[in-house]
Amino acid sequence: MSIILFALFCSTAIAASFPGQHQLQSARAIPNNPGLQFNSDGDLSITVFSDLHFGEPSGEQNDWKSIGVMNSVLDHEEPDLVVLNGDLLSCEFVAPGKYKGLIDQVASPLVSRSLPFAATFGNHDYSETCSTLDITAHMWWDIKGTDGSKLSFTTQSVEGPVEEVGVSNYYIPVYSSSNKDNLAMLLWFFDSKGGHVFQPGKHLDAPIDDLVHDKVISWFQKTSDQFNQQNGRTIPSLAFVHIPVQATRAFQKSGQHSQSNTPGLNEDAIGHQGNCPGFDCYTHSDYAFMKALVETDGLMAVFSGHDHGVDWCMKWANELPTSPSKGNGVNFCFNRHSGFGGYSNWKRGARQIMVEEDKLGKHELETWNRLEDGSISGLVTLNATYGTDRYPKVEKLVSSGE
Ligand SMILES: *[C@@H]1O[C@H](CO)[C@@H](O)[C@H](O)[C@H]1NC(C)=O
């Protein structure tokens, strides 16, 4: 895999749609997004660590165990890209000024391997004492691989107050293995926010909506359309967002999850965007985001964390009760809980995504969870018949020593 400069490929028309750097300018400006390239085997392998929850009072012990999970998974998978899909920290427990050191710990297995990574923020990354903007700048400027390379793709492409639009809204262009000017795929990253406003020392603990903001949705639709127009074809894509959309809960409640067709842990009542206090209370406020996802041609799958006891993939292929539109076949996958911080003691692991460039035309990819003990769980092919194909049941394994 090689990293090539975004500017090499993109016309100014698209480059101009990155106004978001203003937010970060006050700290240290982040230049335009670089891109990735399918590797010489024609594939791109992505490891998704999710819900690491570093910095909990239960202590360093847990964080060392989480680093052990990361090292084990990375040794087995040797991915081209790592996604840190939200709740990197449990910021409500993190003292002011301590978050950068914890982020350095989270990144240490990536630093030692000089592995590029892309983060989304989760509701536990937003607190009175943690600035997601500052974390983004720290990742971008200070975290380097042992080979000296910059590793973070995380940036802020949508301007606005952090409490509204969040920070981690951006994309990574992925170019063809045979031609670095040929755009093959887009990876989209969204900030579903949640948590509390950064205001150190004020003790106001003001909550933030757990939603992808309307401005971000417009930016996504506009930018995605521009890419398709400029290339004269639909660019296949994947998306990452910490908190899942409500369609996943509608799917779960309607009883469509089954161990043979959508194998995986199904041990939580899914908490989703637009949840409100009370059991199964729903504000419908993620309708616009769900609609945008469903209406984006070429979007193959959306990956989320947040719910530590769920790790299956579903295909949204039909009408779901209480969801805004009919699915078009887009897949939604839950990550495996990677951290020893956060609730649940299911065996830790990480979601793996294997995209083969020559299967992009069919919108087909493989995914599985690599567990901390090196085993593979819930290997599925997200293809046209996913959801009706039969797979072996996933075992409900728990982490040892707990
Ligand atoms: C999808 O993948 C499954 C598992 O590999 C396979 O059994 C099925 O035939 C595939 N469906 C299509 C349409 O290729």
# chains A, B, ... in the order shown; residues from 1 in each chain; ligands from 1

call {"tool": "residues_around", "arguments": {"residues": "A:Phe93", "least_positions_apart": "4", "cutoff": "8 Å", "atoms": "only C-alpha atoms", "output": "number ranges by chain"}}
result
A: 55-57

call {"tool": "write_last_selection", "arguments": {"atoms": "N, CA and C atoms", "output": "compact mmCIF listing (two decimals), in the first residue's frame"}}
result
# COMPACT_ATOMS: atom_id res chain seq x y z
N GLY A 55 -8.34 4.80 29.48
CA GLY A 55 -8.39 5.85 30.51
C GLY A 55 -9.44 5.67 31.58
N GLU A 56 -9.98 4.45 31.71
CA GLU A 56 -10.99 4.24 32.76
C GLU A 56 -10.31 4.06 34.11
N PRO A 57 -11.04 4.36 35.19
CA PRO A 57 -10.43 4.27 36.52
C PRO A 57 -9.99 2.85 36.88

call {"tool": "residues_around", "arguments": {"residues": "stretch 351-356 of chain A", "least_positions_apart": "6", "cutoff": "10 Å", "atoms": "only C-alpha atoms", "output": "ChimeraX atom specification"}}
result
/A:38-39,41-50,73,77,79-83,185,238,303,305,311,333-338,363-371,376-379,381

call {"tool": "select_by_dssp", "arguments": {"residues": "stretch 298-378 of chain A", "states": "helix (DSSP H, G or I)", "output": "PyMOL selection string"}}
result
chain A and resi 357-362

call {"tool": "residues_around", "arguments": {"residues": "stretch 264-274 of chain A", "least_positions_apart": "2", "cutoff": "6 Å", "atoms": "only C-alpha atoms", "output": "list in words"}}
result
Asp210, Leu211, Ile243, Pro244, Val245, Gln246, Arg249, Tyr282, Thr283, Ser285, Asp286, Gly309, Val310, Asp311, Trp312, Gly378 and Val394 of chain A

call {"tool": "residues_near_ligand", "arguments": {"ligand": "ligand 1", "cutoff": "6 Å", "atoms": "only C-alpha atoms and all ligand atoms", "output": "list in words"}}
result
Thr381, Asn383, Ala384, Thr385 and Asp389 of chain A

call {"tool": "residues_around", "arguments": {"residues": "A:Val216", "least_positions_apart": "2", "cutoff": "10 Å", "atoms": "only C-alpha atoms", "output": "list in words"}}
result
Ser157, Val158, Glu159, Gly160, Glu164, Val165, Gly166, Asn169, Tyr170, Phe190, Asp191, Val212, His213, Asp214, Ser218, Trp219, Phe220, Gln221, Lys222 and Phe289 of chain A

call {"tool": "closest_residue", "arguments": {"among": "A:Ala119, A:Ala317, A:Leu360, A:Leu102", "to": "A:His242", "atoms": "only C-alpha atoms"}}
result
A:Ala119

call {"tool": "select_by_dssp", "arguments": {"residues": "stretch 214-382 of chain A", "states": "strand (DSSP E or B)", "output": "PDB file with N, CA and C atoms, in the first residue's frame"}}
result
ATOM      1  N   SER A 237     -18.151   2.818  -2.396  1.00  0.00           N
ATOM      2  CA  SER A 237     -17.672   3.404  -1.146  1.00  0.00           C
ATOM      3  C   SER A 237     -18.036   2.571   0.074  1.00  0.00           C
ATOM      4  N   LEU A 238     -17.344   2.870   1.172  1.00  0.00           N
ATOM      5  CA  LEU A 238     -17.647   2.333   2.499  1.00  0.00           C
ATOM      6  C   LEU A 238     -17.771   3.525   3.434  1.00  0.00           C
ATOM      7  N   ALA A 239     -18.490   3.342   4.553  1.00  0.00           N
ATOM      8  CA  ALA A 239     -18.615   4.439   5.517  1.00  0.00           C
ATOM      9  C   ALA A 239     -18.407   3.924   6.929  1.00  0.00           C
ATOM     10  N   PHE A 240     -17.908   4.815   7.779  1.00  0.00           N
ATOM     11  CA  PHE A 240     -17.629   4.497   9.179  1.00  0.00           C
ATOM     12  C   PHE A 240     -18.238   5.585  10.057  1.00  0.00           C
ATOM     13  N   VAL A 241     -19.010   5.165  11.057  1.00  0.00           N
ATOM     14  CA  VAL A 241     -19.605   6.116  11.995  1.00  0.00           C
ATOM     15  C   VAL A 241     -19.777   5.375  13.318  1.00  0.00           C
ATOM     16  N   ASN A 266     -25.557 -11.034  19.391  1.00  0.00           N
ATOM     17  CA  ASN A 266     -26.768 -10.202  19.348  1.00  0.00           C
ATOM     18  C   ASN A 266     -27.269 -10.023  20.772  1.00  0.00           C
ATOM     19  N   ASN A 275     -31.572   8.089  19.849  1.00  0.00           N
ATOM     20  CA  ASN A 275     -32.155   7.488  21.050  1.00  0.00           C
ATOM     21  C   ASN A 275     -32.514   8.616  22.023  1.00  0.00           C
ATOM     22  N   CYS A 276     -33.579   8.452  22.787  1.00  0.00           N
ATOM     23  CA  CYS A 276     -33.839   9.414  23.858  1.00  0.00           C
ATOM     24  C   CYS A 276     -34.031   8.639  25.157  1.00  0.00           C
ATOM     25  N   CYS A 281     -36.935   4.487  23.268  1.00  0.00           N
ATOM     26  CA  CYS A 281     -37.498   5.791  22.905  1.00  0.00           C
ATOM     27  C   CYS A 281     -36.718   6.303  21.693  1.00  0.00           C
ATOM     28  N   TYR A 282     -37.396   6.831  20.713  1.00  0.00           N
ATOM     29  CA  TYR A 282     -36.755   7.210  19.453  1.00  0.00           C
ATOM     30  C   TYR A 282     -37.274   8.556  18.958  1.00  0.00           C
ATOM     31  N   LEU A 299     -22.663   2.848  -2.260  1.00  0.00           N
ATOM     32  CA  LEU A 299     -22.281   2.669  -0.854  1.00  0.00           C
ATOM     33  C   LEU A 299     -22.528   1.198  -0.494  1.00  0.00           C
ATOM     34  N   MET A 300     -21.445   0.480  -0.251  1.00  0.00           N
ATOM     35  CA  MET A 300     -21.552  -0.970  -0.058  1.00  0.00           C
ATOM     36  C   MET A 300     -21.871  -1.324   1.391  1.00  0.00           C
ATOM     37  N   ALA A 301     -21.250  -0.640   2.344  1.00  0.00           N
ATOM     38  CA  ALA A 301     -21.452  -1.005   3.744  1.00  0.00           C
ATOM     39  C   ALA A 301     -21.088   0.146   4.670  1.00  0.00           C
ATOM     40  N   VAL A 302     -21.768   0.164   5.814  1.00  0.00           N
ATOM     41  CA  VAL A 302     -21.547   1.167   6.853  1.00  0.00           C
ATOM     42  C   VAL A 302     -21.160   0.415   8.136  1.00  0.00           C
ATOM     43  N   PHE A 303     -20.063   0.831   8.769  1.00  0.00           N
ATOM     44  CA  PHE A 303     -19.534   0.120   9.940  1.00  0.00           C
ATOM     45  C   PHE A 303     -19.670   0.985  11.198  1.00  0.00           C
ATOM     46  N   SER A 304     -20.230   0.387  12.251  1.00  0.00           N
ATOM     47  CA  SER A 304     -20.440   1.112  13.504  1.00  0.00           C
ATOM     48  C   SER A 304     -20.010   0.297  14.705  1.00  0.00           C
ATOM     49  N   VAL A 310     -22.955  -6.584  20.165  1.00  0.00           N
ATOM     50  CA  VAL A 310     -23.533  -6.895  18.851  1.00  0.00           C
ATOM     51  C   VAL A 310     -22.392  -6.855  17.842  1.00  0.00           C
ATOM     52  N   CYS A 313     -23.590  -8.392  10.715  1.00  0.00           N
ATOM     53  CA  CYS A 313     -23.851  -7.510   9.571  1.00  0.00           C
ATOM     54  C   CYS A 313     -25.262  -7.790   9.064  1.00  0.00           C
ATOM     55  N   MET A 314     -25.974  -6.772   8.661  1.00  0.00           N
ATOM     56  CA  MET A 314     -27.306  -6.930   8.073  1.00  0.00           C
ATOM     57  C   MET A 314     -27.345  -6.266   6.709  1.00  0.00           C
ATOM     58  N   LYS A 315     -28.221  -6.749   5.857  1.00  0.00           N
ATOM     59  CA  LYS A 315     -28.465  -6.050   4.593  1.00  0.00           C
ATOM     60  C   LYS A 315     -29.822  -5.360   4.710  1.00  0.00           C
ATOM     61  N   TRP A 316     -29.854  -4.077   4.432  1.00  0.00           N
ATOM     62  CA  TRP A 316     -31.129  -3.346   4.445  1.00  0.00           C
ATOM     63  C   TRP A 316     -31.715  -3.466   3.037  1.00  0.00           C
ATOM     64  N   VAL A 330     -27.896  -1.772   0.928  1.00  0.00           N
ATOM     65  CA  VAL A 330     -26.699  -1.355   1.672  1.00  0.00           C
ATOM     66  C   VAL A 330     -26.580  -2.210   2.939  1.00  0.00           C
ATOM     67  N   ASN A 331     -25.344  -2.579   3.272  1.00  0.00           N
ATOM     68  CA  ASN A 331     -25.105  -3.416   4.457  1.00  0.00           C
ATOM     69  C   ASN A 331     -24.692  -2.547   5.638  1.00  0.00           C
ATOM     70  N   PHE A 332     -25.141  -2.935   6.826  1.00  0.00           N
ATOM     71  CA  PHE A 332     -24.694  -2.289   8.061  1.00  0.00           C
ATOM     72  C   PHE A 332     -24.012  -3.351   8.909  1.00  0.00           C
ATOM     73  N   CYS A 333     -22.797  -3.073   9.356  1.00  0.00           N
ATOM     74  CA  CYS A 333     -22.062  -4.037  10.178  1.00  0.00           C
ATOM     75  C   CYS A 333     -21.687  -3.412  11.508  1.00  0.00           C
ATOM     76  N   PHE A 334     -21.747  -4.216  12.549  1.00  0.00           N
ATOM     77  CA  PHE A 334     -21.219  -3.809  13.852  1.00  0.00           C
ATOM     78  C   PHE A 334     -19.791  -4.305  13.982  1.00  0.00           C
ATOM     79  N   HIS A 337     -16.222  -5.374  19.855  1.00  0.00           N
ATOM     80  CA  HIS A 337     -15.673  -4.578  20.955  1.00  0.00           C
ATOM     81  C   HIS A 337     -14.182  -4.937  21.108  1.00  0.00           C
ATOM     82  N   TRP A 346     -17.450 -10.082  26.315  1.00  0.00           N
ATOM     83  CA  TRP A 346     -17.285 -10.976  25.161  1.00  0.00           C
ATOM     84  C   TRP A 346     -15.840 -10.899  24.708  1.00  0.00           C
ATOM     85  N   GLY A 349     -11.921  -8.310  20.099  1.00  0.00           N
ATOM     86  CA  GLY A 349     -11.448  -8.531  18.735  1.00  0.00           C
ATOM     87  C   GLY A 349     -11.587  -7.278  17.895  1.00  0.00           C
ATOM     88  N   ALA A 350     -11.534  -7.464  16.598  1.00  0.00           N
ATOM     89  CA  ALA A 350     -11.630  -6.320  15.687  1.00  0.00           C
ATOM     90  C   ALA A 350     -12.266  -6.772  14.381  1.00  0.00           C
ATOM     91  N   ARG A 351     -13.084  -5.916  13.811  1.00  0.00           N
ATOM     92  CA  ARG A 351     -13.665  -6.248  12.504  1.00  0.00           C
ATOM     93  C   ARG A 351     -12.626  -6.075  11.408  1.00  0.00           C
ATOM     94  N   GLN A 352     -12.612  -7.033  10.514  1.00  0.00           N
ATOM     95  CA  GLN A 352     -11.717  -6.993   9.350  1.00  0.00           C
ATOM     96  C   GLN A 352     -12.541  -6.794   8.091  1.00  0.00           C
ATOM     97  N   ILE A 353     -12.013  -5.987   7.201  1.00  0.00           N
ATOM     98  CA  ILE A 353     -12.699  -5.759   5.925  1.00  0.00           C
ATOM     99  C   ILE A 353     -11.685  -6.023   4.827  1.00  0.00           C
ATOM    100  N   MET A 354     -12.026  -6.902   3.906  1.00  0.00           N
ATOM    101  CA  MET A 354     -11.130  -7.197   2.789  1.00  0.00           C
ATOM    102  C   MET A 354     -11.826  -6.807   1.491  1.00  0.00           C
ATOM    103  N   VAL A 355     -11.328  -5.740   0.882  1.00  0.00           N
ATOM    104  CA  VAL A 355     -11.916  -5.290  -0.376  1.00  0.00           C
ATOM    105  C   VAL A 355     -10.981  -5.678  -1.508  1.00  0.00           C
ATOM    106  N   GLU A 356     -11.490  -6.432  -2.473  1.00  0.00           N
ATOM    107  CA  GLU A 356     -10.685  -6.756  -3.647  1.00  0.00           C
ATOM    108  C   GLU A 356     -11.114  -5.832  -4.775  1.00  0.00           C
ATOM    109  N   LEU A 365     -17.735  -7.639  -0.958  1.00  0.00           N
ATOM    110  CA  LEU A 365     -16.539  -7.681  -0.116  1.00  0.00           C
ATOM    111  C   LEU A 365     -16.703  -8.724   0.977  1.00  0.00           C
ATOM    112  N   GLU A 366     -15.569  -9.096   1.564  1.00  0.00           N
ATOM    113  CA  GLU A 366     -15.589 -10.063   2.664  1.00  0.00           C
ATOM    114  C   GLU A 366     -15.299  -9.360   3.971  1.00  0.00           C
ATOM    115  N   THR A 367     -15.907  -9.861   5.044  1.00  0.00           N
ATOM    116  CA  THR A 367     -15.611  -9.293   6.363  1.00  0.00           C
ATOM    117  C   THR A 367     -15.753 -10.363   7.437  1.00  0.00           C
ATOM    118  N   TRP A 368     -14.996 -10.213   8.504  1.00  0.00           N
ATOM    119  CA  TRP A 368     -15.029 -11.150   9.628  1.00  0.00           C
ATOM    120  C   TRP A 368     -14.516 -10.435  10.873  1.00  0.00           C
ATOM    121  N   ASN A 369     -14.634 -11.097  12.004  1.00  0.00           N
ATOM    122  CA  ASN A 369     -14.013 -10.557  13.217  1.00  0.00           C
ATOM    123  C   ASN A 369     -12.815 -11.416  13.575  1.00  0.00           C
ATOM    124  N   ARG A 370     -11.689 -10.762  13.816  1.00  0.00           N
ATOM    125  CA  ARG A 370     -10.489 -11.463  14.297  1.00  0.00           C
ATOM    126  C   ARG A 370     -10.465 -11.289  15.814  1.00  0.00           C
ATOM    127  N   LEU A 371     -10.510 -12.392  16.542  1.00  0.00           N
ATOM    128  CA  LEU A 371     -10.576 -12.293  17.992  1.00  0.00           C
ATOM    129  C   LEU A 371      -9.181 -12.251  18.612  1.00  0.00           C
ATOM    130  N   ILE A 376     -10.981 -16.684  14.055  1.00  0.00           N
ATOM    131  CA  ILE A 376     -11.851 -15.878  13.191  1.00  0.00           C
ATOM    132  C   ILE A 376     -13.299 -16.189  13.538  1.00  0.00           C
ATOM    133  N   SER A 377     -14.134 -15.156  13.581  1.00  0.00           N
ATOM    134  CA  SER A 377     -15.537 -15.323  13.966  1.00  0.00           C
ATOM    135  C   SER A 377     -16.421 -14.603  12.947  1.00  0.00           C
ATOM    136  N   GLY A 378     -17.476 -15.272  12.486  1.00  0.00           N
ATOM    137  CA  GLY A 378     -18.486 -14.601  11.656  1.00  0.00           C
ATOM    138  C   GLY A 378     -17.994 -14.129  10.302  1.00  0.00           C
ATOM    139  N   LEU A 379     -17.221 -14.972   9.611  1.00  0.00           N
ATOM    140  CA  LEU A 379     -16.773 -14.610   8.251  1.00  0.00           C
ATOM    141  C   LEU A 379     -17.956 -14.634   7.287  1.00  0.00           C
ATOM    142  N   VAL A 380     -18.228 -13.517   6.629  1.00  0.00           N
ATOM    143  CA  VAL A 380     -19.335 -13.463   5.655  1.00  0.00           C
ATOM    144  C   VAL A 380     -18.899 -12.727   4.390  1.00  0.00           C
ATOM    145  N   THR A 381     -19.602 -13.013   3.306  1.00  0.00           N
ATOM    146  CA  THR A 381     -19.416 -12.260   2.067  1.00  0.00           C
ATOM    147  C   THR A 381     -20.603 -11.318   1.911  1.00  0.00           C
ATOM    148  N   LEU A 382     -20.316 -10.030   1.883  1.00  0.00           N
ATOM    149  CA  LEU A 382     -21.402  -9.065   1.667  1.00  0.00           C
ATOM    150  C   LEU A 382     -21.589  -8.950   0.148  1.00  0.00           C
TER     151      LEU A 382
END

call {"tool": "closest_residue", "arguments": {"among": "A:Ser399, A:Asn123, A:Gln105, A:Thr388", "to": "A:Gln259", "atoms": "only C-alpha atoms"}}
result
A:Thr388
